[in-house]
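Report on the structure given below.
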Amino acid sequence: MGARRVLVVDDDPTLRETLGEVLRDDGFDVRVAWNGRDALEKLDGWNADVVILDVMMPVMDAFGFQSALDERPEPAPPVILLSAAPGLASAASELGAVSVIAKPFHLQDLIAEVRRVVGPMNGTAPASV
Amino acid sequence: MAITEVRELDRRRQAGPRATRTLAELAHGPEAFRLLVEAVTDYAIFLVGPDGRILTWNLGAERIKGYRASEIIGKHISTFYTAEDRRYGRPERNLREAERRGGIEDQGWRVRKDGSRFWADVQLSALHDDQGKLFGYAKVTRDLTEVRAAEERERQLVIERQARVLAEEALRSRDRFLAIASHELKTPVASLQIAVESLLLSREQGTLDVPRTERGIERMDRAVKRLAMVLGELLDVSILERGTTTFTFTEVDAARIAAEVIERFAGVKAQDRIDADLEPAVVHADAIRVEQVITNLLDNALKYSSPPARVRIRVAPLPSGALIEVSDLGIGLGLDIAGGLFEPFARGTNAADIPGMGLGLFITREIVERHGGRISGVAGPDRGTTFTVMLPMQPPRTGDGGS
């Protein structure tokens, strides 16, 4: 089985580039997207094990992305919400996110959370929510 | 008007052989009016001689002013006035005015026997004899202290309600501002923190090479610039909304300012995308703020359109002032113009990687409005966007000096 797949969705280029680089260093197969619509394209034929998702994004925000995901036949990947938006907890429960990280955050915390969500490197991905 | 105790009054005054009479018997007699007046309790009604001395008294006068008839008849009406009114000759003036005009109405504080004050509504009518000679005054006084207090309470309530509505709106507006400001500040701080921590992590892992370091520095540079920009815009919004900034209005040529702004864009590769059509347009305006307006609009147009799409700026004189028009053939704003494009933090739905947080247009509108001008925008999701600013010849007086 190949590397765990992580999709990073954030409209801030600095953040998604840095996260992409760090997670690749950590052995993940990473794609980045700058909004919900871009993320849906990145998921075409490439099933992520986890999606790190910003909430407020242009073109398509987290809510638009989640409802589009739910319409696809494939099981939706678990989502870690990563945002500076107020009311993050209620957004998380509405989106069915497995966890929430408020910006700003520590890199190590995010990496630990990604590892926790995708499970042991040789195990199977947790069921989608 | 309360008419009470006629029978009682009658008995008191007419104690003697005719113990009681019916009101019907009295109604057509010569005493009827005297009885009526004497019995009125809500109004002080009495006669005053031409010299201002009190001639008659009634129950109302006793109740309102506290004097019995025996105590007050023969005294001057100035007894009821405050010391201050007496000093300024108000009693005499009222008598003179009533004589001259036939009658007056006066409202003011009067003094009761016990020294307490009441708010009086006084009607003073001059009475003349058959030869037209003044022979006295009729005075009707009402105690409006309660009415006045009730009106005052009502007025106070209205003022308090208005103040509360304003305070609540200010609080909501401040909360909204803080929520968005905090979001906009956290975003670049998060980028900065992650860029720094990724470098620290690489160093820890012994993988910190030159390309990695360079990438990290570039990211930190971007994040810090974004942070500085957000802070600058937030401060500007806060200053403009408070209205504490002073505008200095002088004679300026909007075309000359536009030329300077375009020149400043030189060196940035975007500059060769600007088409300028500049005619001198002189108005009274704040040169620095007009420069800010033109910079914001041009910056916006350049950001929301990508090369090789052209950006066009036109400055022209109008009979009423100056026209500044900036248009692009870019992606458009994808935002309903009527729906708060100029509100703080509004951003195009397709703003993508475009930096900024939507304060630019809000700041621009604030500046234009402080000049007494107008700004409008026409945008579509597919075609370009055009912003039109009209500045008047003269700013409004109230805008001068930053109220």
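Letters A, B, ... go to the chains of the structure tokens in the order shown; residues in each chain start at 1; ligands are counted from 1 in the same order.
Set the cut-off at 8 Å, count only C-alpha atoms, and the residues of chain A near chain B turn out to be Asp11, Asp12, Pro13, Thr14, Leu15, Thr18, Leu19, Val22, Trp34, Asn35, Met57, Pro58, Val59, Ala84, Ala85, Pro86, Lys103, Pro104, Phe105, His106 and Leu107 of chain A.
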Original post:
If you run DSSP on the backbone, which residues of range 20-122 of chain A are strand (DSSP E), as a list in words?
Top reply: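 Listing strand (DSSP E) positions across range 20-122 of chain A yields Asp29, Val30, Arg31, Val32, Ala33, Val50, Val51, Ile52, Leu53, Val79, Ile80, Leu81, Leu82, Ser83, Ser99, Val100, Ile101 and Ala102 of chain A.
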Can you tell me, as a compact mmCIF listing (two decimals) with N, CA and C atoms, in the first residue's frame, which residues in chain A count as helix (DSSP H, G or I) by DSSP?
```txt
# COMPACT_ATOMS: atom_id res chain seq x y z
N PRO A 13 -1.97 31.00 0.08
CA PRO A 13 -0.93 30.21 -0.62
C PRO A 13 0.25 29.86 0.29
N THR A 14 0.63 30.77 1.16
CA THR A 14 1.78 30.53 2.03
C THR A 14 1.52 29.31 2.91
N LEU A 15 0.33 29.28 3.47
CA LEU A 15 0.00 28.20 4.40
C LEU A 15 -0.07 26.86 3.67
N ARG A 16 -0.74 26.82 2.51
CA ARG A 16 -0.91 25.50 1.88
C ARG A 16 0.40 25.00 1.30
N GLU A 17 1.27 25.92 0.82
CA GLU A 17 2.58 25.48 0.31
C GLU A 17 3.42 24.90 1.44
N THR A 18 3.46 25.61 2.55
CA THR A 18 4.29 25.16 3.67
C THR A 18 3.78 23.82 4.21
N LEU A 19 2.46 23.74 4.39
CA LEU A 19 1.90 22.48 4.90
C LEU A 19 2.18 21.34 3.94
N GLY A 20 2.02 21.61 2.64
CA GLY A 20 2.29 20.59 1.63
C GLY A 20 3.71 20.06 1.75
N GLU A 21 4.65 21.01 1.86
CA GLU A 21 6.06 20.63 1.92
C GLU A 21 6.36 19.80 3.17
N VAL A 22 5.85 20.28 4.31
CA VAL A 22 6.13 19.60 5.58
C VAL A 22 5.52 18.18 5.59
N LEU A 23 4.31 18.07 5.09
CA LEU A 23 3.65 16.76 5.10
C LEU A 23 4.31 15.80 4.11
N ARG A 24 4.80 16.32 3.00
CA ARG A 24 5.54 15.47 2.06
C ARG A 24 6.82 14.96 2.73
N ASP A 25 7.49 15.87 3.43
CA ASP A 25 8.70 15.48 4.18
C ASP A 25 8.37 14.36 5.15
N GLY A 36 -12.86 25.11 -2.47
CA GLY A 36 -13.64 23.88 -2.51
C GLY A 36 -13.74 23.28 -3.90
N ARG A 37 -13.93 24.13 -4.90
CA ARG A 37 -14.10 23.60 -6.26
C ARG A 37 -12.80 22.98 -6.75
N ASP A 38 -11.70 23.69 -6.50
CA ASP A 38 -10.38 23.17 -6.87
C ASP A 38 -10.13 21.83 -6.16
N ALA A 39 -10.57 21.75 -4.90
CA ALA A 39 -10.38 20.53 -4.12
C ALA A 39 -11.14 19.36 -4.73
N LEU A 40 -12.36 19.61 -5.21
CA LEU A 40 -13.15 18.54 -5.83
C LEU A 40 -12.43 18.00 -7.06
N GLU A 41 -11.80 18.92 -7.83
CA GLU A 41 -11.05 18.49 -9.01
C GLU A 41 -9.85 17.64 -8.61
N LYS A 42 -9.18 18.05 -7.52
CA LYS A 42 -8.00 17.31 -7.06
C LYS A 42 -8.38 15.91 -6.57
N ALA A 62 -16.11 25.78 2.65
CA ALA A 62 -16.13 24.44 3.23
C ALA A 62 -17.52 23.79 3.13
N PHE A 63 -18.55 24.60 3.28
CA PHE A 63 -19.91 24.04 3.27
C PHE A 63 -20.31 23.56 1.87
N GLY A 64 -19.96 24.38 0.87
CA GLY A 64 -20.23 23.98 -0.52
C GLY A 64 -19.45 22.72 -0.87
N PHE A 65 -18.21 22.68 -0.40
CA PHE A 65 -17.34 21.52 -0.68
C PHE A 65 -17.92 20.26 -0.04
N GLN A 66 -18.34 20.38 1.22
CA GLN A 66 -18.84 19.21 1.94
C GLN A 66 -20.12 18.67 1.28
N SER A 67 -21.02 19.57 0.87
CA SER A 67 -22.25 19.04 0.27
C SER A 67 -21.97 18.42 -1.09
N ALA A 68 -20.98 18.97 -1.84
CA ALA A 68 -20.61 18.34 -3.11
C ALA A 68 -19.99 16.97 -2.86
N LEU A 69 -19.17 16.87 -1.81
CA LEU A 69 -18.54 15.59 -1.45
C LEU A 69 -19.61 14.54 -1.13
N ASP A 70 -20.64 14.98 -0.39
CA ASP A 70 -21.68 14.05 0.05
C ASP A 70 -22.48 13.50 -1.13
N GLU A 71 -22.47 14.25 -2.24
CA GLU A 71 -23.24 13.78 -3.40
C GLU A 71 -22.48 12.76 -4.23
N LEU A 88 -16.04 28.21 15.11
CA LEU A 88 -15.47 27.04 14.44
C LEU A 88 -16.13 25.74 14.90
N ALA A 89 -16.46 25.67 16.19
CA ALA A 89 -17.03 24.43 16.72
C ALA A 89 -18.37 24.10 16.05
N SER A 90 -19.21 25.13 15.86
CA SER A 90 -20.52 24.85 15.25
C SER A 90 -20.35 24.51 13.78
N ALA A 91 -19.36 25.15 13.11
CA ALA A 91 -19.07 24.80 11.72
C ALA A 91 -18.64 23.34 11.63
N ALA A 92 -17.81 22.92 12.60
CA ALA A 92 -17.29 21.55 12.60
C ALA A 92 -18.42 20.55 12.74
N SER A 93 -19.37 20.83 13.65
CA SER A 93 -20.43 19.85 13.84
C SER A 93 -21.37 19.84 12.63
N GLU A 94 -21.56 21.00 12.03
CA GLU A 94 -22.41 21.05 10.84
C GLU A 94 -21.76 20.29 9.69
N LEU A 95 -20.45 20.37 9.61
CA LEU A 95 -19.73 19.72 8.50
C LEU A 95 -19.39 18.27 8.82
N LEU A 107 2.66 23.59 14.12
CA LEU A 107 2.86 22.62 13.05
C LEU A 107 2.82 21.20 13.59
N GLN A 108 3.51 20.99 14.70
CA GLN A 108 3.59 19.63 15.28
C GLN A 108 2.21 19.10 15.67
N ASP A 109 1.36 20.01 16.14
CA ASP A 109 0.00 19.60 16.54
C ASP A 109 -0.78 19.13 15.32
N LEU A 110 -0.62 19.85 14.22
CA LEU A 110 -1.35 19.48 13.01
C LEU A 110 -0.85 18.13 12.49
N ILE A 111 0.48 17.98 12.47
CA ILE A 111 1.04 16.71 11.97
C ILE A 111 0.55 15.55 12.82
N ALA A 112 0.55 15.76 14.14
CA ALA A 112 0.09 14.70 15.06
C ALA A 112 -1.37 14.36 14.79
N GLU A 113 -2.17 15.40 14.52
CA GLU A 113 -3.60 15.19 14.28
C GLU A 113 -3.82 14.42 12.97
N VAL A 114 -3.05 14.78 11.95
CA VAL A 114 -3.17 14.08 10.66
C VAL A 114 -2.81 12.61 10.84
N ARG A 115 -1.73 12.35 11.56
CA ARG A 115 -1.31 10.96 11.81
C ARG A 115 -2.39 10.20 12.56
N ARG A 116 -2.98 10.86 13.56
CA ARG A 116 -4.01 10.22 14.36
C ARG A 116 -5.22 9.85 13.50
N VAL A 117 -5.62 10.78 12.64
CA VAL A 117 -6.83 10.56 11.84
C VAL A 117 -6.61 9.46 10.79
N VAL A 118 -5.46 9.46 10.14
CA VAL A 118 -5.25 8.44 9.09
C VAL A 118 -4.85 7.09 9.66
```
Subject >> Near-range 74-82 of chain A list (6 Å; only C-alpha atoms; drop same-chain fewer than 6 positions) as a VMD selection string >> reply: chain A and resid 49 to 54 97 to 102 128
**OP:** Please provide the set of residues having any atom within 8 Å of range 234-236 of chain B, restricted to only C-alpha atoms, with same-chain residues fewer than 3 positions apart removed, written as a list in words.
**Re:** Ala181, Val230, Leu231, Ile239, Leu240, Leu359 and Ile363 of chain B
Original post:
What gap, in Å, lies between CA of Gly49 in chain B and CA of Ala126 in chain B?
Top reply: 9.8 Å
**OP:** Using CA of Leu297 in chain B and CA of Ile262 in chain B as the two end points, give the distance in Å to one decimal.
**Re:**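 The value is 11.5 Å.
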